[in-house]
$ cat my_file39.cif   # mmCIF, C-alpha atoms
data_start
#
loop_
_atom_site.group_PDB
_atom_site.id
_atom_site.type_symbol
_atom_site.label_atom_id
_atom_site.label_comp_id
_atom_site.auth_asym_id
_atom_site.auth_seq_id
_atom_site.Cartn_x
_atom_site.Cartn_y
_atom_site.Cartn_z
ATOM 1 C CA MET F 1160 10.913 1.782 -4.236
ATOM 2 C CA SER F 1161 10.046 -1.673 -5.341
ATOM 3 C CA ASN F 1162 8.204 -4.718 -4.138
ATOM 4 C CA ARG F 1163 7.059 -4.293 -0.520
ATOM 5 C CA LEU F 1164 7.861 -7.960 0.171
ATOM 6 C CA ALA F 1165 11.497 -7.720 -0.939
ATOM 7 C CA ASN F 1166 12.852 -7.236 2.585
ATOM 8 C CA ILE F 1167 10.191 -9.095 4.566
ATOM 9 C CA PRO F 1168 11.719 -12.210 6.128
ATOM 10 C CA LYS F 1169 10.294 -15.590 5.204
ATOM 11 C CA ARG F 1170 9.798 -18.361 7.708
ATOM 12 C CA ASP F 1171 9.227 -22.105 7.421
ATOM 13 C CA ASN F 1172 6.359 -23.904 9.060
ATOM 14 C CA ARG F 1173 6.675 -27.467 10.389
ATOM 15 C CA ARG F 1174 6.086 -28.864 6.918
ATOM 16 C CA GLY F 1175 8.830 -26.757 5.374
ATOM 17 C CA ILE F 1176 6.423 -24.424 3.610
ATOM 18 C CA LYS F 1177 7.740 -20.868 3.398
ATOM 19 C CA TYR F 1178 5.568 -17.915 4.339
ATOM 20 C CA TYR F 1179 6.042 -14.232 5.046
ATOM 21 C CA LYS F 1180 5.887 -12.981 8.594
ATOM 22 C CA TYR F 1181 3.082 -10.583 9.461
ATOM 23 C CA ILE F 1182 3.506 -7.333 7.510
ATOM 24 C CA LYS F 1183 3.068 -4.080 9.429
ATOM 25 C CA TYR F 1184 1.979 -0.885 7.710
ATOM 26 C CA PRO F 1185 2.701 2.583 9.106
ATOM 27 C CA PRO F 1186 -0.024 5.119 9.656
ATOM 28 C CA ILE F 1187 0.022 7.634 6.828
ATOM 29 C CA PRO F 1188 -0.366 11.169 8.164
ATOM 30 C CA TYR F 1189 -2.128 13.876 6.228
ATOM 31 C CA SER F 1190 -0.053 16.431 4.349
ATOM 32 C CA ILE F 1191 -1.010 19.676 2.666
ATOM 33 C CA ASN F 1192 0.773 18.249 -0.387
ATOM 34 C CA ASP F 1193 -1.532 15.206 -0.644
ATOM 35 C CA LEU F 1194 -3.649 14.981 -3.770
ATOM 36 C CA TYR F 1195 -7.354 14.204 -3.747
ATOM 37 C CA VAL F 1196 -8.948 12.501 -6.726
ATOM 38 C CA SER F 1197 -12.421 11.244 -7.560
ATOM 39 C CA THR F 1198 -12.454 7.712 -8.886
ATOM 40 C CA VAL F 1199 -13.958 6.853 -12.242
ATOM 41 C CA SER F 1200 -15.081 3.565 -13.716
ATOM 42 C CA GLY F 1201 -12.087 1.272 -14.226
ATOM 43 C CA ASP F 1202 -9.841 2.826 -11.573
ATOM 44 C CA ARG F 1203 -7.677 0.338 -9.706
ATOM 45 C CA LEU F 1204 -5.182 0.815 -6.897
ATOM 46 C CA ASP F 1205 -2.258 -0.487 -8.944
ATOM 47 C CA LEU F 1206 -3.085 1.753 -11.898
ATOM 48 C CA LEU F 1207 -3.361 4.824 -9.669
ATOM 49 C CA ALA F 1208 -0.038 3.941 -8.033
ATOM 50 C CA ASN F 1209 1.524 3.716 -11.469
ATOM 51 C CA GLU F 1210 0.005 7.050 -12.508
ATOM 52 C CA TYR F 1211 1.065 8.988 -9.407
ATOM 53 C CA TYR F 1212 4.178 7.093 -8.233
ATOM 54 C CA LYS F 1213 5.345 5.416 -11.481
ATOM 55 C CA ASN F 1214 5.333 2.110 -9.580
ATOM 56 C CA VAL F 1215 2.413 -0.361 -9.456
ATOM 57 C CA ASP F 1216 3.858 -2.028 -6.337
ATOM 58 C CA LEU F 1217 3.064 1.040 -4.222
ATOM 59 C CA TRP F 1218 -0.709 0.497 -4.400
ATOM 60 C CA TRP F 1219 -0.729 -0.329 -0.691
ATOM 61 C CA GLY F 1220 0.147 3.283 0.234
ATOM 62 C CA ILE F 1221 -3.045 4.532 -1.367
ATOM 63 C CA SER F 1222 -5.003 1.708 0.225
ATOM 64 C CA ILE F 1223 -3.678 2.382 3.749
ATOM 65 C CA ALA F 1224 -4.215 6.142 3.407
ATOM 66 C CA ASN F 1225 -7.852 5.474 2.523
ATOM 67 C CA SER F 1226 -8.593 2.485 4.726
ATOM 68 C CA ASP F 1227 -11.893 4.017 5.831
ATOM 69 C CA ILE F 1228 -13.039 4.310 2.192
ATOM 70 C CA ILE F 1229 -11.422 1.510 0.179
ATOM 71 C CA ARG F 1230 -12.359 -2.150 0.546
ATOM 72 C CA ARG F 1231 -9.371 -4.296 1.525
ATOM 73 C CA ASP F 1232 -10.324 -7.246 -0.680
ATOM 74 C CA SER F 1233 -10.057 -5.636 -4.115
ATOM 75 C CA PHE F 1234 -7.794 -3.541 -6.331
ATOM 76 C CA ILE F 1235 -10.876 -2.270 -8.143
ATOM 77 C CA LEU F 1236 -12.334 0.962 -6.795
ATOM 78 C CA ASP F 1237 -15.968 1.970 -6.783
ATOM 79 C CA GLU F 1238 -16.777 4.917 -9.005
ATOM 80 C CA GLY F 1239 -17.255 8.304 -7.337
ATOM 81 C CA LEU F 1240 -15.012 7.865 -4.292
ATOM 82 C CA GLU F 1241 -12.885 10.814 -3.217
ATOM 83 C CA ILE F 1242 -9.548 9.316 -2.222
ATOM 84 C CA ARG F 1243 -6.266 10.722 -0.964
ATOM 85 C CA ILE F 1244 -2.991 10.123 -2.805
ATOM 86 C CA PRO F 1245 -0.243 10.577 -0.176
ATOM 87 C CA ALA F 1246 2.541 12.921 -1.249
ATOM 88 C CA ASN F 1247 5.262 12.047 1.285
ATOM 89 C CA LEU F 1248 6.124 8.692 -0.261
ATOM 90 C CA ASN F 1249 9.783 8.494 0.824
ATOM 91 C CA SER F 1250 8.837 9.030 4.463
ATOM 92 C CA ILE F 1251 6.126 6.358 4.220
ATOM 93 C CA LEU F 1252 8.524 3.840 2.676
ATOM 94 C CA SER F 1253 11.159 4.572 5.313
ATOM 95 C CA ARG F 1254 8.672 3.936 8.135
ATOM 96 C CA PHE F 1255 7.443 0.763 6.407
ATOM 97 C CA LYS F 1256 11.009 -0.604 6.227
ATOM 98 C CA LYS F 1257 11.681 0.226 9.907
ATOM 99 C CA LEU F 1258 8.491 -1.542 11.003
ATOM 100 C CA ASN F 1259 9.324 -4.683 9.035
ATOM 101 C CA LYS F 1260 12.998 -5.262 9.822
#

$ encode --input "my_file39.cif" --output "structure tokens"
Amino acid sequence: MSNRLANIPKRDNRRGIKYYKYIKYPPIPYSINDLYVSTVSGDRLDLLANEYYKNVDLWWGISIANSDIIRRDSFILDEGLEIRIPANLNSILSRFKKLNK
């Protein structure tokens, strides 16, 4: 459970500049074990990932699970949002790895 880019292949463009191929994210189904939290001032995706998963690199799981609520261009969350913290993390990571082989 570390950096999501660790196993994503890199490619070279015509100038020799390396870049990552397109990253695919799995849909994150609802679970009765999911947690729901209301955001407060200062909440960020990486800090919530650290609090609930003990890993700041897993911020994207919270973001994908709340794509209809959370802006994609910021780690910082608006105050007063009710967001879902997915509980089935191992299943999500497994599907992510399969999609990005």

$ resolve_selection --input "my_file39.cif" --expression "the PyMOL selection byres ((chain F and resi 1208-1214) around 10)" --output "VMD selection string"
chain F and resid 1160 to 1162 1194 1203 to 1207 1215 to 1222 1244 to 1246 1248

$ write_last_selection --input "my_file39.cif" --atoms "C-alpha atoms" --output "mmCIF file, in the coordinates of the input"
data_model
loop_
_atom_site.group_PDB
_atom_site.id
_atom_site.type_symbol
_atom_site.label_atom_id
_atom_site.label_comp_id
_atom_site.auth_asym_id
_atom_site.auth_seq_id
_atom_site.Cartn_x
_atom_site.Cartn_y
_atom_site.Cartn_z
ATOM 1 C CA MET F 1160 10.913 1.782 -4.236
ATOM 2 C CA SER F 1161 10.046 -1.673 -5.341
ATOM 3 C CA ASN F 1162 8.204 -4.718 -4.138
ATOM 4 C CA LEU F 1194 -3.649 14.981 -3.770
ATOM 5 C CA ARG F 1203 -7.677 0.338 -9.706
ATOM 6 C CA LEU F 1204 -5.182 0.815 -6.897
ATOM 7 C CA ASP F 1205 -2.258 -0.487 -8.944
ATOM 8 C CA LEU F 1206 -3.085 1.753 -11.898
ATOM 9 C CA LEU F 1207 -3.361 4.824 -9.669
ATOM 10 C CA VAL F 1215 2.413 -0.361 -9.456
ATOM 11 C CA ASP F 1216 3.858 -2.028 -6.337
ATOM 12 C CA LEU F 1217 3.064 1.040 -4.222
ATOM 13 C CA TRP F 1218 -0.709 0.497 -4.400
ATOM 14 C CA TRP F 1219 -0.729 -0.329 -0.691
ATOM 15 C CA GLY F 1220 0.147 3.283 0.234
ATOM 16 C CA ILE F 1221 -3.045 4.532 -1.367
ATOM 17 C CA SER F 1222 -5.003 1.708 0.225
ATOM 18 C CA ILE F 1244 -2.991 10.123 -2.805
ATOM 19 C CA PRO F 1245 -0.243 10.577 -0.176
ATOM 20 C CA ALA F 1246 2.541 12.921 -1.249
ATOM 21 C CA LEU F 1248 6.124 8.692 -0.261
#

$ residues_around --input "my_file39.cif" --residues "Leu1258 in chain F" --least-positions-apart "6" --cutoff "8 Å" --atoms "all atoms listed in the file" --output "JSON list (two decimals) with C-alpha atoms, in the frame of the given file"
[["chain", "number", "residue", "atom", "x", "y", "z"],
["F", 1183, "LYS", "CA", 3.07, -4.08, 9.43],
["F", 1184, "TYR", "CA", 1.98, -0.88, 7.71],
["F", 1185, "PRO", "CA", 2.70, 2.58, 9.11]]

$ atom_distance --input "my_file39.cif" --atom1 "CA of Ser1197 in chain F" --atom2 "CA of Glu1238 in chain F"
7.8 Å

$ atom_distance --input "my_file39.cif" --atom1 "CA of Ile1191 in chain F" --atom2 "CA of Arg1243 in chain F"
11.0 Å

$ resolve_selection --input "my_file39.cif" --expression "the PyMOL selection byres ((chain F and resi 1187) around 7)" --output "PDB file with C-alpha atoms, in the coordinates of the input"
ATOM      1  CA  PRO F1185       2.701   2.583   9.106  1.00  0.00           C
ATOM      2  CA  PRO F1186      -0.024   5.119   9.656  1.00  0.00           C
ATOM      3  CA  PRO F1188      -0.366  11.169   8.164  1.00  0.00           C
ATOM      4  CA  TYR F1189      -2.128  13.876   6.228  1.00  0.00           C
ATOM      5  CA  ALA F1224      -4.215   6.142   3.407  1.00  0.00           C
ATOM      6  CA  ILE F1251       6.126   6.358   4.220  1.00  0.00           C
TER       7      ILE F1251
END

$ atom_distance --input "my_file39.cif" --atom1 "CA of Ile1235 in chain F" --atom2 "CA of Asp1202 in chain F"
6.2 Å

$ build_atoms --input "my_file39.cif" --residues "range 1215-1226 of chain F" --atoms "all heavy atoms" --output "compact mmCIF listing (two decimals), keeping the file's coordinate frame"
# COMPACT_ATOMS: atom_id res chain seq x y z
N VAL F 1215 3.65 0.35 -9.82
CA VAL F 1215 2.41 -0.36 -9.46
C VAL F 1215 2.49 -1.03 -8.09
O VAL F 1215 1.47 -1.25 -7.45
CB VAL F 1215 2.02 -1.41 -10.52
CG1 VAL F 1215 1.70 -0.76 -11.84
CG2 VAL F 1215 3.09 -2.48 -10.69
N ASP F 1216 3.70 -1.34 -7.62
CA ASP F 1216 3.86 -2.03 -6.34
C ASP F 1216 3.52 -1.15 -5.13
O ASP F 1216 3.41 -1.65 -4.02
CB ASP F 1216 5.29 -2.54 -6.18
CG ASP F 1216 5.61 -3.66 -7.14
OD1 ASP F 1216 4.69 -4.42 -7.49
OD2 ASP F 1216 6.78 -3.78 -7.55
N LEU F 1217 3.34 0.14 -5.34
CA LEU F 1217 3.06 1.04 -4.22
C LEU F 1217 1.57 1.28 -4.00
O LEU F 1217 1.17 2.21 -3.30
CB LEU F 1217 3.81 2.36 -4.43
CG LEU F 1217 5.33 2.21 -4.46
CD1 LEU F 1217 6.00 3.53 -4.79
CD2 LEU F 1217 5.83 1.66 -3.14
N TRP F 1218 0.74 0.40 -4.56
CA TRP F 1218 -0.71 0.50 -4.40
C TRP F 1218 -1.12 0.51 -2.93
O TRP F 1218 -2.10 1.15 -2.55
CB TRP F 1218 -1.40 -0.67 -5.11
CG TRP F 1218 -1.02 -2.00 -4.56
CD1 TRP F 1218 0.00 -2.80 -4.98
CD2 TRP F 1218 -1.61 -2.66 -3.44
NE1 TRP F 1218 0.07 -3.93 -4.20
CE2 TRP F 1218 -0.91 -3.86 -3.24
CE3 TRP F 1218 -2.67 -2.35 -2.59
CZ2 TRP F 1218 -1.23 -4.76 -2.23
CZ3 TRP F 1218 -2.99 -3.25 -1.58
CH2 TRP F 1218 -2.27 -4.44 -1.42
N TRP F 1219 -0.36 -0.19 -2.10
CA TRP F 1219 -0.73 -0.33 -0.69
C TRP F 1219 -0.72 1.01 0.04
O TRP F 1219 -1.46 1.21 0.99
CB TRP F 1219 0.17 -1.34 0.01
CG TRP F 1219 1.63 -0.98 0.00
CD1 TRP F 1219 2.55 -1.36 -0.93
CD2 TRP F 1219 2.31 -0.17 0.95
NE1 TRP F 1219 3.78 -0.83 -0.63
CE2 TRP F 1219 3.65 -0.09 0.53
CE3 TRP F 1219 1.94 0.50 2.11
CZ2 TRP F 1219 4.62 0.64 1.22
CZ3 TRP F 1219 2.91 1.23 2.79
CH2 TRP F 1219 4.22 1.28 2.36
N GLY F 1220 0.12 1.96 -0.40
CA GLY F 1220 0.15 3.28 0.23
C GLY F 1220 -1.17 4.02 0.06
O GLY F 1220 -1.67 4.66 0.99
N ILE F 1221 -1.74 3.91 -1.11
CA ILE F 1221 -3.04 4.53 -1.37
C ILE F 1221 -4.12 3.81 -0.56
O ILE F 1221 -5.00 4.43 0.03
CB ILE F 1221 -3.36 4.53 -2.87
CG1 ILE F 1221 -2.30 5.32 -3.64
CG2 ILE F 1221 -4.76 5.08 -3.14
CD1 ILE F 1221 -2.38 5.16 -5.15
N SER F 1222 -4.03 2.51 -0.52
CA SER F 1222 -5.00 1.71 0.22
C SER F 1222 -4.98 2.04 1.72
O SER F 1222 -6.04 2.28 2.32
CB SER F 1222 -4.71 0.22 0.02
OG SER F 1222 -5.61 -0.56 0.76
N ILE F 1223 -3.80 2.09 2.32
CA ILE F 1223 -3.68 2.38 3.75
C ILE F 1223 -4.15 3.81 4.06
O ILE F 1223 -4.81 4.05 5.06
CB ILE F 1223 -2.23 2.17 4.22
CG1 ILE F 1223 -1.80 0.72 4.06
CG2 ILE F 1223 -2.03 2.64 5.67
CD1 ILE F 1223 -2.60 -0.28 4.87
N ALA F 1224 -3.82 4.75 3.19
CA ALA F 1224 -4.22 6.14 3.41
C ALA F 1224 -5.73 6.32 3.34
O ALA F 1224 -6.27 7.30 3.86
CB ALA F 1224 -3.53 7.05 2.39
N ASN F 1225 -6.40 5.39 2.70
CA ASN F 1225 -7.85 5.47 2.52
C ASN F 1225 -8.57 4.27 3.10
O ASN F 1225 -9.60 3.83 2.58
CB ASN F 1225 -8.16 5.61 1.02
CG ASN F 1225 -7.61 6.87 0.44
OD1 ASN F 1225 -8.18 7.93 0.60
ND2 ASN F 1225 -6.47 6.77 -0.22
N SER F 1226 -8.05 3.73 4.18
CA SER F 1226 -8.59 2.48 4.73
C SER F 1226 -10.05 2.61 5.18
O SER F 1226 -10.76 1.62 5.25
CB SER F 1226 -7.73 1.98 5.88
OG SER F 1226 -7.68 2.95 6.91
